[in-house]
$ cat query.cif   # mmCIF, C-alpha atoms
data_structure
#
loop_
_atom_site.label_atom_id
_atom_site.label_comp_id
_atom_site.auth_asym_id
_atom_site.auth_seq_id
_atom_site.Cartn_x
_atom_site.Cartn_y
_atom_site.Cartn_z
CA MET P 3 58.32 -47.11 -32.43
CA MET P 4 57.45 -45.16 -35.58
CA LYS P 5 53.85 -44.76 -34.38
CA LYS P 6 55.08 -43.14 -31.15
CA ILE P 7 57.32 -40.80 -33.15
CA TRP P 8 54.47 -39.79 -35.46
CA LYS P 9 52.14 -39.26 -32.51
CA GLY P 10 54.76 -37.09 -30.84
CA LEU P 11 55.29 -35.06 -34.01
CA ILE P 12 51.55 -34.54 -34.49
CA ILE P 13 51.09 -33.41 -30.89
CA ALA P 14 54.10 -31.08 -31.18
CA PHE P 15 52.73 -29.60 -34.41
CA VAL P 16 49.30 -29.01 -32.88
CA LEU P 17 50.78 -27.35 -29.78
CA LEU P 18 53.07 -25.25 -31.95
CA PHE P 19 50.14 -24.21 -34.14
CA LEU P 20 48.07 -23.22 -31.09
CA TYR P 21 50.64 -21.47 -28.93
CA LEU P 22 53.34 -20.10 -31.23
CA PRO P 23 51.31 -17.01 -32.32
CA ILE P 24 50.59 -16.19 -28.67
CA LEU P 25 54.23 -16.63 -27.71
CA VAL P 26 55.35 -14.38 -30.58
CA LEU P 27 52.91 -11.72 -29.41
CA ALA P 28 54.18 -12.09 -25.84
CA VAL P 29 57.78 -11.58 -27.00
CA TYR P 30 56.88 -8.42 -28.93
CA SER P 31 54.99 -7.05 -25.92
CA PHE P 32 58.36 -6.74 -24.12
CA THR P 33 60.01 -4.75 -26.94
CA ASP P 34 59.94 -1.25 -28.43
CA ALA P 35 58.63 -2.62 -31.74
CA THR P 36 55.68 -0.76 -33.25
CA GLN P 37 54.74 -3.59 -35.60
CA ILE P 38 55.29 -7.32 -35.90
CA GLY P 39 58.39 -8.13 -37.95
CA ALA P 40 61.22 -6.12 -36.42
CA ILE P 41 62.30 -6.88 -32.85
CA ARG P 42 63.89 -3.92 -31.10
CA GLY P 43 65.28 -3.44 -27.62
CA PHE P 44 63.73 -4.79 -24.43
CA SER P 45 61.11 -2.47 -22.93
CA LEU P 46 58.17 -2.48 -20.51
CA LYS P 47 56.55 0.58 -22.06
CA ASN P 48 53.59 -1.42 -23.35
CA TYR P 49 52.77 -2.62 -19.84
CA VAL P 50 53.23 0.87 -18.42
CA THR P 51 50.86 2.23 -21.07
CA LEU P 52 48.37 -0.56 -20.37
CA PHE P 53 48.10 0.10 -16.64
CA THR P 54 48.50 3.89 -16.65
CA THR P 55 46.22 4.91 -19.51
CA PRO P 56 42.78 5.73 -18.00
CA GLU P 57 40.97 4.68 -21.17
CA LEU P 58 42.53 1.22 -21.15
CA ARG P 59 42.24 0.80 -17.40
CA ASP P 60 38.55 1.72 -17.37
CA MET P 61 37.89 -0.64 -20.29
CA ILE P 62 39.51 -3.58 -18.48
CA VAL P 63 37.77 -2.90 -15.17
CA GLY P 64 34.41 -2.46 -16.92
CA THR P 65 34.81 -5.70 -18.85
CA ILE P 66 35.72 -7.66 -15.72
CA ALA P 67 32.81 -6.15 -13.76
CA LEU P 68 30.41 -7.03 -16.59
CA ALA P 69 31.78 -10.59 -16.83
CA PHE P 70 31.40 -11.34 -13.12
CA SER P 71 27.97 -9.69 -12.89
CA ALA P 72 26.63 -11.58 -15.90
CA ALA P 73 28.25 -14.81 -14.71
CA ALA P 74 26.68 -14.49 -11.24
CA ILE P 75 23.17 -14.01 -12.66
CA ALA P 76 23.69 -16.69 -15.31
CA THR P 77 24.96 -19.14 -12.70
CA LEU P 78 21.87 -18.56 -10.55
CA LEU P 79 19.47 -18.97 -13.48
CA GLY P 80 21.35 -21.88 -15.05
CA THR P 81 21.57 -23.78 -11.76
CA MET P 82 17.88 -23.22 -11.00
CA GLY P 83 16.98 -24.37 -14.51
CA ALA P 84 19.14 -27.48 -14.23
CA ILE P 85 17.67 -28.46 -10.86
CA GLY P 86 14.14 -27.81 -12.09
CA SER P 87 14.74 -29.84 -15.22
CA PHE P 88 16.31 -32.73 -13.30
CA TYR P 89 13.41 -33.07 -10.86
CA SER P 90 10.70 -32.54 -13.47
CA GLY P 91 8.90 -35.22 -15.45
CA LYS P 92 10.48 -36.80 -18.48
CA ARG P 93 8.60 -34.66 -21.02
CA VAL P 94 9.21 -31.38 -19.21
CA SER P 95 12.86 -32.24 -18.65
CA SER P 96 13.33 -33.11 -22.32
CA ALA P 97 11.60 -29.88 -23.41
CA LEU P 98 13.74 -27.74 -21.10
CA SER P 99 16.94 -29.42 -22.30
CA THR P 100 15.96 -28.84 -25.93
CA VAL P 101 15.10 -25.19 -25.32
CA ASN P 102 18.41 -24.70 -23.48
CA GLN P 103 20.37 -26.02 -26.46
CA VAL P 104 18.99 -23.38 -28.84
CA PRO P 105 21.11 -20.45 -27.51
CA VAL P 106 24.13 -22.74 -27.42
CA VAL P 107 24.04 -23.62 -31.12
CA ASN P 108 22.56 -20.28 -32.20
CA ALA P 109 24.92 -17.71 -33.70
CA ASP P 110 26.02 -15.00 -31.25
CA VAL P 111 25.18 -12.30 -33.76
CA VAL P 112 21.56 -13.51 -33.83
CA THR P 113 21.39 -13.53 -30.03
CA GLY P 114 22.80 -10.01 -29.76
CA PHE P 115 20.57 -8.58 -32.47
CA SER P 116 17.47 -10.27 -31.00
CA ILE P 117 18.16 -8.97 -27.48
CA CYS P 118 18.66 -5.48 -28.89
CA ILE P 119 15.35 -5.55 -30.79
CA LEU P 120 13.40 -7.00 -27.86
CA LEU P 121 14.66 -4.67 -25.16
CA VAL P 122 15.40 -1.47 -27.05
CA VAL P 123 12.77 -1.47 -29.82
CA VAL P 124 9.90 -3.48 -28.33
CA LEU P 125 10.20 -2.76 -24.60
CA GLY P 126 11.71 0.69 -24.96
CA VAL P 127 14.74 0.15 -22.71
CA SER P 128 17.36 2.81 -23.34
CA LYS P 129 20.51 1.53 -25.00
CA ASP P 130 22.47 4.09 -22.98
CA THR P 131 21.94 1.83 -19.95
CA PHE P 132 23.71 -1.47 -19.29
CA VAL P 133 20.47 -3.45 -19.17
CA PRO P 134 20.58 -4.73 -22.79
CA LEU P 135 24.27 -5.59 -22.51
CA LEU P 136 23.86 -7.43 -19.21
CA ALA P 137 20.76 -9.25 -20.45
CA GLY P 138 22.57 -10.28 -23.62
CA HIS P 139 25.52 -11.73 -21.72
CA VAL P 140 23.27 -13.54 -19.26
CA THR P 141 21.37 -15.05 -22.20
CA LEU P 142 24.68 -16.09 -23.74
CA CYS P 143 26.12 -17.67 -20.57
CA ALA P 144 23.17 -19.24 -18.70
CA PRO P 145 22.71 -22.24 -21.09
CA PHE P 146 26.34 -23.23 -20.58
CA VAL P 147 25.90 -23.14 -16.80
CA PHE P 148 22.87 -25.40 -17.27
CA LEU P 149 25.00 -27.86 -19.24
CA SER P 150 27.72 -27.79 -16.56
CA VAL P 151 25.34 -28.51 -13.67
CA VAL P 152 23.16 -31.22 -15.22
CA PRO P 153 25.92 -33.90 -15.34
CA LYS P 154 26.62 -33.38 -11.64
CA LEU P 155 22.94 -33.81 -10.87
CA LYS P 156 22.89 -37.07 -12.81
CA GLN P 157 25.93 -38.31 -10.88
CA MET P 158 24.24 -37.51 -7.56
CA ASP P 159 22.35 -40.15 -5.62
CA SER P 160 18.80 -38.77 -5.77
CA SER P 161 17.74 -40.95 -2.83
CA ILE P 162 19.78 -38.72 -0.49
CA TYR P 163 17.45 -35.79 -1.16
CA GLU P 164 14.41 -37.99 -0.57
CA ALA P 165 15.95 -39.35 2.62
CA ALA P 166 16.46 -35.80 3.90
CA LEU P 167 12.78 -35.06 3.31
CA ASP P 168 11.79 -38.27 5.10
CA LEU P 169 13.91 -37.23 8.08
CA GLY P 170 12.03 -33.96 8.45
CA ALA P 171 14.00 -31.50 6.33
CA THR P 172 12.03 -28.96 4.32
CA PRO P 173 12.56 -28.89 0.53
CA ALA P 174 14.62 -25.69 0.90
CA GLU P 175 16.82 -27.22 3.62
CA ALA P 176 17.33 -30.39 1.59
CA LEU P 177 18.24 -28.28 -1.44
CA TRP P 178 20.85 -26.16 0.34
CA LYS P 179 22.29 -28.86 2.60
CA ILE P 180 22.12 -31.89 0.31
CA VAL P 181 21.79 -30.98 -3.37
CA ILE P 182 23.90 -27.81 -3.63
CA PRO P 183 27.02 -29.32 -1.95
CA GLN P 184 26.77 -32.33 -4.29
CA ILE P 185 26.64 -30.22 -7.45
CA LEU P 186 28.96 -27.41 -6.29
CA PRO P 187 31.83 -28.42 -8.64
CA GLY P 188 29.44 -28.12 -11.60
CA ILE P 189 28.23 -24.72 -10.38
CA VAL P 190 31.81 -23.46 -10.03
CA SER P 191 32.72 -24.80 -13.48
CA GLY P 192 29.63 -23.15 -14.95
CA PHE P 193 30.50 -19.84 -13.32
CA ALA P 194 34.08 -19.97 -14.63
CA LEU P 195 32.83 -20.83 -18.11
CA ALA P 196 30.32 -17.97 -17.96
CA VAL P 197 33.06 -15.50 -17.01
CA THR P 198 35.19 -16.72 -19.92
CA LEU P 199 32.33 -16.46 -22.41
CA SER P 200 31.49 -12.93 -21.29
CA LEU P 201 35.11 -11.79 -21.49
CA ASP P 202 35.48 -13.31 -24.95
CA ASP P 203 32.18 -12.11 -26.44
CA TYR P 204 32.18 -9.59 -29.28
CA PHE P 205 28.94 -9.86 -31.28
CA VAL P 206 26.44 -9.67 -28.41
CA ALA P 207 28.33 -6.72 -26.89
CA THR P 208 28.49 -4.93 -30.24
CA TYR P 209 24.69 -4.87 -30.60
CA THR P 210 23.76 -4.24 -26.96
CA LYS P 211 26.45 -2.06 -25.37
CA PRO P 212 26.10 1.70 -24.73
CA ALA P 213 27.96 3.88 -27.20
CA THR P 214 30.37 5.15 -24.51
CA PHE P 215 31.30 1.69 -23.21
CA ASP P 216 33.69 -0.88 -24.65
CA THR P 217 34.53 -4.42 -23.65
CA ILE P 218 37.98 -5.82 -24.33
CA SER P 219 36.78 -7.50 -27.53
CA THR P 220 35.02 -4.47 -29.00
CA TYR P 221 37.87 -2.18 -27.97
CA VAL P 222 40.51 -4.38 -29.60
CA VAL P 223 38.58 -4.56 -32.87
CA ASN P 224 38.07 -0.80 -32.96
CA ALA P 225 41.68 -0.10 -31.96
CA THR P 226 43.08 -2.20 -34.80
CA LYS P 227 41.22 0.06 -37.23
CA GLY P 228 42.71 3.23 -35.74
CA SER P 229 46.13 4.85 -36.01
CA GLN P 230 47.20 5.04 -32.35
CA THR P 231 50.32 2.89 -32.34
CA THR P 232 50.88 3.10 -28.57
CA ILE P 233 47.38 1.75 -27.93
CA LYS P 234 47.84 -1.11 -30.40
CA THR P 235 51.13 -2.22 -28.85
CA ALA P 236 49.65 -1.91 -25.35
CA LEU P 237 47.05 -4.45 -26.44
CA TRP P 238 49.90 -6.89 -27.06
CA ALA P 239 50.66 -6.56 -23.35
CA LEU P 240 46.98 -7.04 -22.51
CA SER P 241 46.87 -10.27 -24.54
CA THR P 242 49.97 -11.53 -22.76
CA VAL P 243 48.52 -10.75 -19.32
CA ILE P 244 45.26 -12.54 -20.16
CA PHE P 245 47.16 -15.58 -21.44
CA ALA P 246 49.36 -15.67 -18.31
CA VAL P 247 46.31 -15.45 -16.02
CA VAL P 248 44.57 -18.28 -17.90
CA ILE P 249 47.69 -20.48 -17.66
CA LEU P 250 47.92 -19.77 -13.91
CA ILE P 251 44.26 -20.66 -13.35
CA VAL P 252 44.57 -23.89 -15.34
CA VAL P 253 47.68 -24.93 -13.41
CA LEU P 254 46.05 -24.22 -10.05
CA MET P 255 42.91 -26.14 -11.05
CA ASN P 256 44.98 -29.15 -12.15
CA LEU P 257 47.00 -29.08 -8.93
CA ARG P 258 43.80 -28.98 -6.93
CA ALA P 259 42.30 -31.84 -8.95
CA GLN P 260 45.42 -33.95 -8.30
CA LYS P 261 45.37 -33.07 -4.62
CA GLU P 262 41.77 -34.08 -3.96
CA PRO P 263 42.13 -37.81 -4.78
CA SER P 264 45.20 -38.05 -2.54
CA GLU P 265 43.33 -36.39 0.35
CA LYS P 266 40.40 -38.79 -0.09
CA ALA P 267 42.78 -41.75 -0.14
CA GLU P 268 44.35 -40.62 3.13
CA VAL P 269 40.92 -40.33 4.73
#

$ encode --input "query.cif" --output "structure tokens"
Amino acid sequence: MMKKIWKGLIIAFVLLFLYLPILVLAVYSFTDATQIGAIRGFSLKNYVTLFTTPELRDMIVGTIALAFSAAAIATLLGTMGAIGSFYSGKRVSSALSTVNQVPVVNADVVTGFSICILLVVVLGVSKDTFVPLLAGHVTLCAPFVFLSVVPKLKQMDSSIYEAALDLGATPAEALWKIVIPQILPGIVSGFALAVTLSLDDYFVATYTKPATFDTISTYVVNATKGSQTTIKTALWALSTVIFAVVILIVVLMNLRAQKEPSEKAEV
């Protein structure tokens, strides 16, 4: 009995530690308070400022567009790399897996600085373009897509692909009709993870972004150093919106995961 109580207390403490700061921020986003510590009257001014200020709106739209663009390219490259590694020989597969792990464990600041030097200094790509920023985020996200797809490939029955070839399918047809459907959950998970990593990134964006462009992370850091109170409090609303969207996505994914086994059982 005491063990269950202690386990419950520990879980409650961990959840409180993780979510209480976010909940406090969410509460203040619905008030007139200009700083944390004094709750004033209920107000939606922070949300009005968030969605009506062109600077904030453009920053959010630009960050989302960057995240989905980088995630799409990273998903393509990561999936191709995972498939190539899986169907390669043992030595090649091991080498590719090892090389893929380097960007994962490498510090983001090193990745961002290296991409900046390679593209801007060595290759002469203008930093006023989005090429260095997009390349940096693809480099950051692609290894995680690789890691999401490989387990699905290992779970797949490889003889199905070989059977398709024996029955007359071309390698491309077997890939699209046999392999891709089998590993699609891993591809989707990799894409979602890539979007999250891009949205959350600060260091790579700092070194590679154009001077006139800001992602959510770089904008928040710069805004906290400034003196515009209305912008700072509007970012409380932005944090609350992001948290609410994440919660909604997680709930929908869990509901879908619970629904699939029941549908298979009925079949």

$ closest_residue --input "query.cif" --among "P:Thr231, P:Thr81, P:Thr141, P:Asn256" --to "Ile185 in chain P" --atoms "all atoms listed in the file"
P:Thr81

$ residues_around --input "query.cif" --residues "Gln157 in chain P" --least-positions-apart "4" --cutoff "9 Å" --atoms "only C-alpha atoms" --output "list of chain:residue names"
P:Val152, P:Pro153, P:Gln184, P:Ile185

$ residues_around --input "query.cif" --residues "Leu155 in chain P" --least-positions-apart "5" --cutoff "10 Å" --atoms "all atoms listed in the file" --output "list of chain:residue names"
P:Ala84, P:Ile85, P:Phe88, P:Tyr89, P:Ser150, P:Ser160, P:Val181, P:Ile182, P:Gln184, P:Ile185, P:Leu186, P:Gly188

$ closest_residue --input "query.cif" --among "P:Thr100, P:Ala69, P:Glu175, P:Ala74" --to "Ile189 in chain P" --atoms "only C-alpha atoms"
P:Ala74

$ resolve_selection --input "query.cif" --expression "the PyMOL selection byres ((chain P and resi 242) around 12)" --output "VMD selection string"
chain P and resid 21 23 to 32 48 to 49 52 235 to 241 243 to 249

$ residues_around --input "query.cif" --residues "Ala72 in chain P" --least-positions-apart "3" --cutoff "8 Å" --atoms "all atoms listed in the file" --output "PyMOL selection string"
chain P and resi 68-69+75-76+136-137+139-140+143+196-197+200

$ write_last_selection --input "query.cif" --atoms "C-alpha atoms" --output "CSV table (one decimal), in the frame of the given file"
chain,number,residue,atom,x,y,z
P,68,LEU,CA,30.4,-7.0,-16.6
P,69,ALA,CA,31.8,-10.6,-16.8
P,75,ILE,CA,23.2,-14.0,-12.7
P,76,ALA,CA,23.7,-16.7,-15.3
P,136,LEU,CA,23.9,-7.4,-19.2
P,137,ALA,CA,20.8,-9.2,-20.4
P,139,HIS,CA,25.5,-11.7,-21.7
P,140,VAL,CA,23.3,-13.5,-19.3
P,143,CYS,CA,26.1,-17.7,-20.6
P,196,ALA,CA,30.3,-18.0,-18.0
P,197,VAL,CA,33.1,-15.5,-17.0
P,200,SER,CA,31.5,-12.9,-21.3

$ residues_around --input "query.cif" --residues "Gly83 in chain P" --least-positions-apart "3" --cutoff "10 Å" --atoms "only C-alpha atoms" --output "JSON, numbers by chain"
{"P": [77, 78, 79, 80, 86, 87, 88, 95, 98, 99, 102, 144, 145, 147, 148, 149, 151, 152]}

$ atom_distance --input "query.cif" --atom1 "CA of Ile218 in chain P" --atom2 "CA of Gly43 in chain P"
27.6 Å

$ atom_distance --input "query.cif" --atom1 "CA of Lys211 in chain P" --atom2 "CA of Leu135 in chain P"
5.0 Å

$ decode --input "query.cif" --residues "range 238-251 of chain P" --atoms "N, CA, C and O atoms" --output "mmCIF file, in the first residue's frame"
data_model
loop_
_atom_site.group_PDB
_atom_site.id
_atom_site.type_symbol
_atom_site.label_atom_id
_atom_site.label_comp_id
_atom_site.auth_asym_id
_atom_site.auth_seq_id
_atom_site.Cartn_x
_atom_site.Cartn_y
_atom_site.Cartn_z
ATOM 1 N N TRP P 238 3.356 35.095 -24.213
ATOM 2 C CA TRP P 238 2.703 34.173 -23.282
ATOM 3 C C TRP P 238 1.544 33.476 -23.993
ATOM 4 O O TRP P 238 1.349 32.271 -23.845
ATOM 5 N N ALA P 239 0.783 34.248 -24.754
ATOM 6 C CA ALA P 239 -0.341 33.678 -25.508
ATOM 7 C C ALA P 239 0.159 32.690 -26.560
ATOM 8 O O ALA P 239 -0.442 31.635 -26.772
ATOM 9 N N LEU P 240 1.270 33.027 -27.208
ATOM 10 C CA LEU P 240 1.834 32.130 -28.221
ATOM 11 C C LEU P 240 2.247 30.799 -27.589
ATOM 12 O O LEU P 240 1.980 29.724 -28.152
ATOM 13 N N SER P 241 2.878 30.856 -26.429
ATOM 14 C CA SER P 241 3.279 29.628 -25.729
ATOM 15 C C SER P 241 2.063 28.779 -25.369
ATOM 16 O O SER P 241 2.094 27.547 -25.489
ATOM 17 N N THR P 242 0.996 29.431 -24.944
ATOM 18 C CA THR P 242 -0.227 28.713 -24.586
ATOM 19 C C THR P 242 -0.853 28.052 -25.798
ATOM 20 O O THR P 242 -1.311 26.898 -25.730
ATOM 21 N N VAL P 243 -0.868 28.743 -26.931
ATOM 22 C CA VAL P 243 -1.436 28.193 -28.161
ATOM 23 C C VAL P 243 -0.632 26.970 -28.613
ATOM 24 O O VAL P 243 -1.202 25.934 -28.991
ATOM 25 N N ILE P 244 0.696 27.089 -28.578
ATOM 26 C CA ILE P 244 1.551 25.962 -28.980
ATOM 27 C C ILE P 244 1.301 24.763 -28.079
ATOM 28 O O ILE P 244 1.172 23.624 -28.552
ATOM 29 N N PHE P 245 1.221 25.005 -26.764
ATOM 30 C CA PHE P 245 0.986 23.909 -25.820
ATOM 31 C C PHE P 245 -0.368 23.255 -26.069
ATOM 32 O O PHE P 245 -0.495 22.017 -26.043
ATOM 33 N N ALA P 246 -1.400 24.055 -26.338
ATOM 34 C CA ALA P 246 -2.736 23.519 -26.595
ATOM 35 C C ALA P 246 -2.759 22.683 -27.875
ATOM 36 O O ALA P 246 -3.396 21.618 -27.925
ATOM 37 N N VAL P 247 -2.061 23.146 -28.907
ATOM 38 C CA VAL P 247 -1.999 22.397 -30.168
ATOM 39 C C VAL P 247 -1.292 21.065 -29.967
ATOM 40 O O VAL P 247 -1.731 20.027 -30.483
ATOM 41 N N VAL P 248 -0.186 21.085 -29.214
ATOM 42 C CA VAL P 248 0.551 19.843 -28.937
ATOM 43 C C VAL P 248 -0.323 18.847 -28.175
ATOM 44 O O VAL P 248 -0.365 17.651 -28.502
ATOM 45 N N ILE P 249 -1.043 19.329 -27.163
ATOM 46 C CA ILE P 249 -1.937 18.463 -26.382
ATOM 47 C C ILE P 249 -3.003 17.860 -27.285
ATOM 48 O O ILE P 249 -3.315 16.657 -27.214
ATOM 49 N N LEU P 250 -3.566 18.665 -28.179
ATOM 50 C CA LEU P 250 -4.607 18.183 -29.096
ATOM 51 C C LEU P 250 -4.063 17.096 -30.018
ATOM 52 O O LEU P 250 -4.713 16.063 -30.231
ATOM 53 N N ILE P 251 -2.869 17.321 -30.557
ATOM 54 C CA ILE P 251 -2.262 16.338 -31.457
ATOM 55 C C ILE P 251 -1.991 15.026 -30.730
ATOM 56 O O ILE P 251 -2.257 13.936 -31.251
#
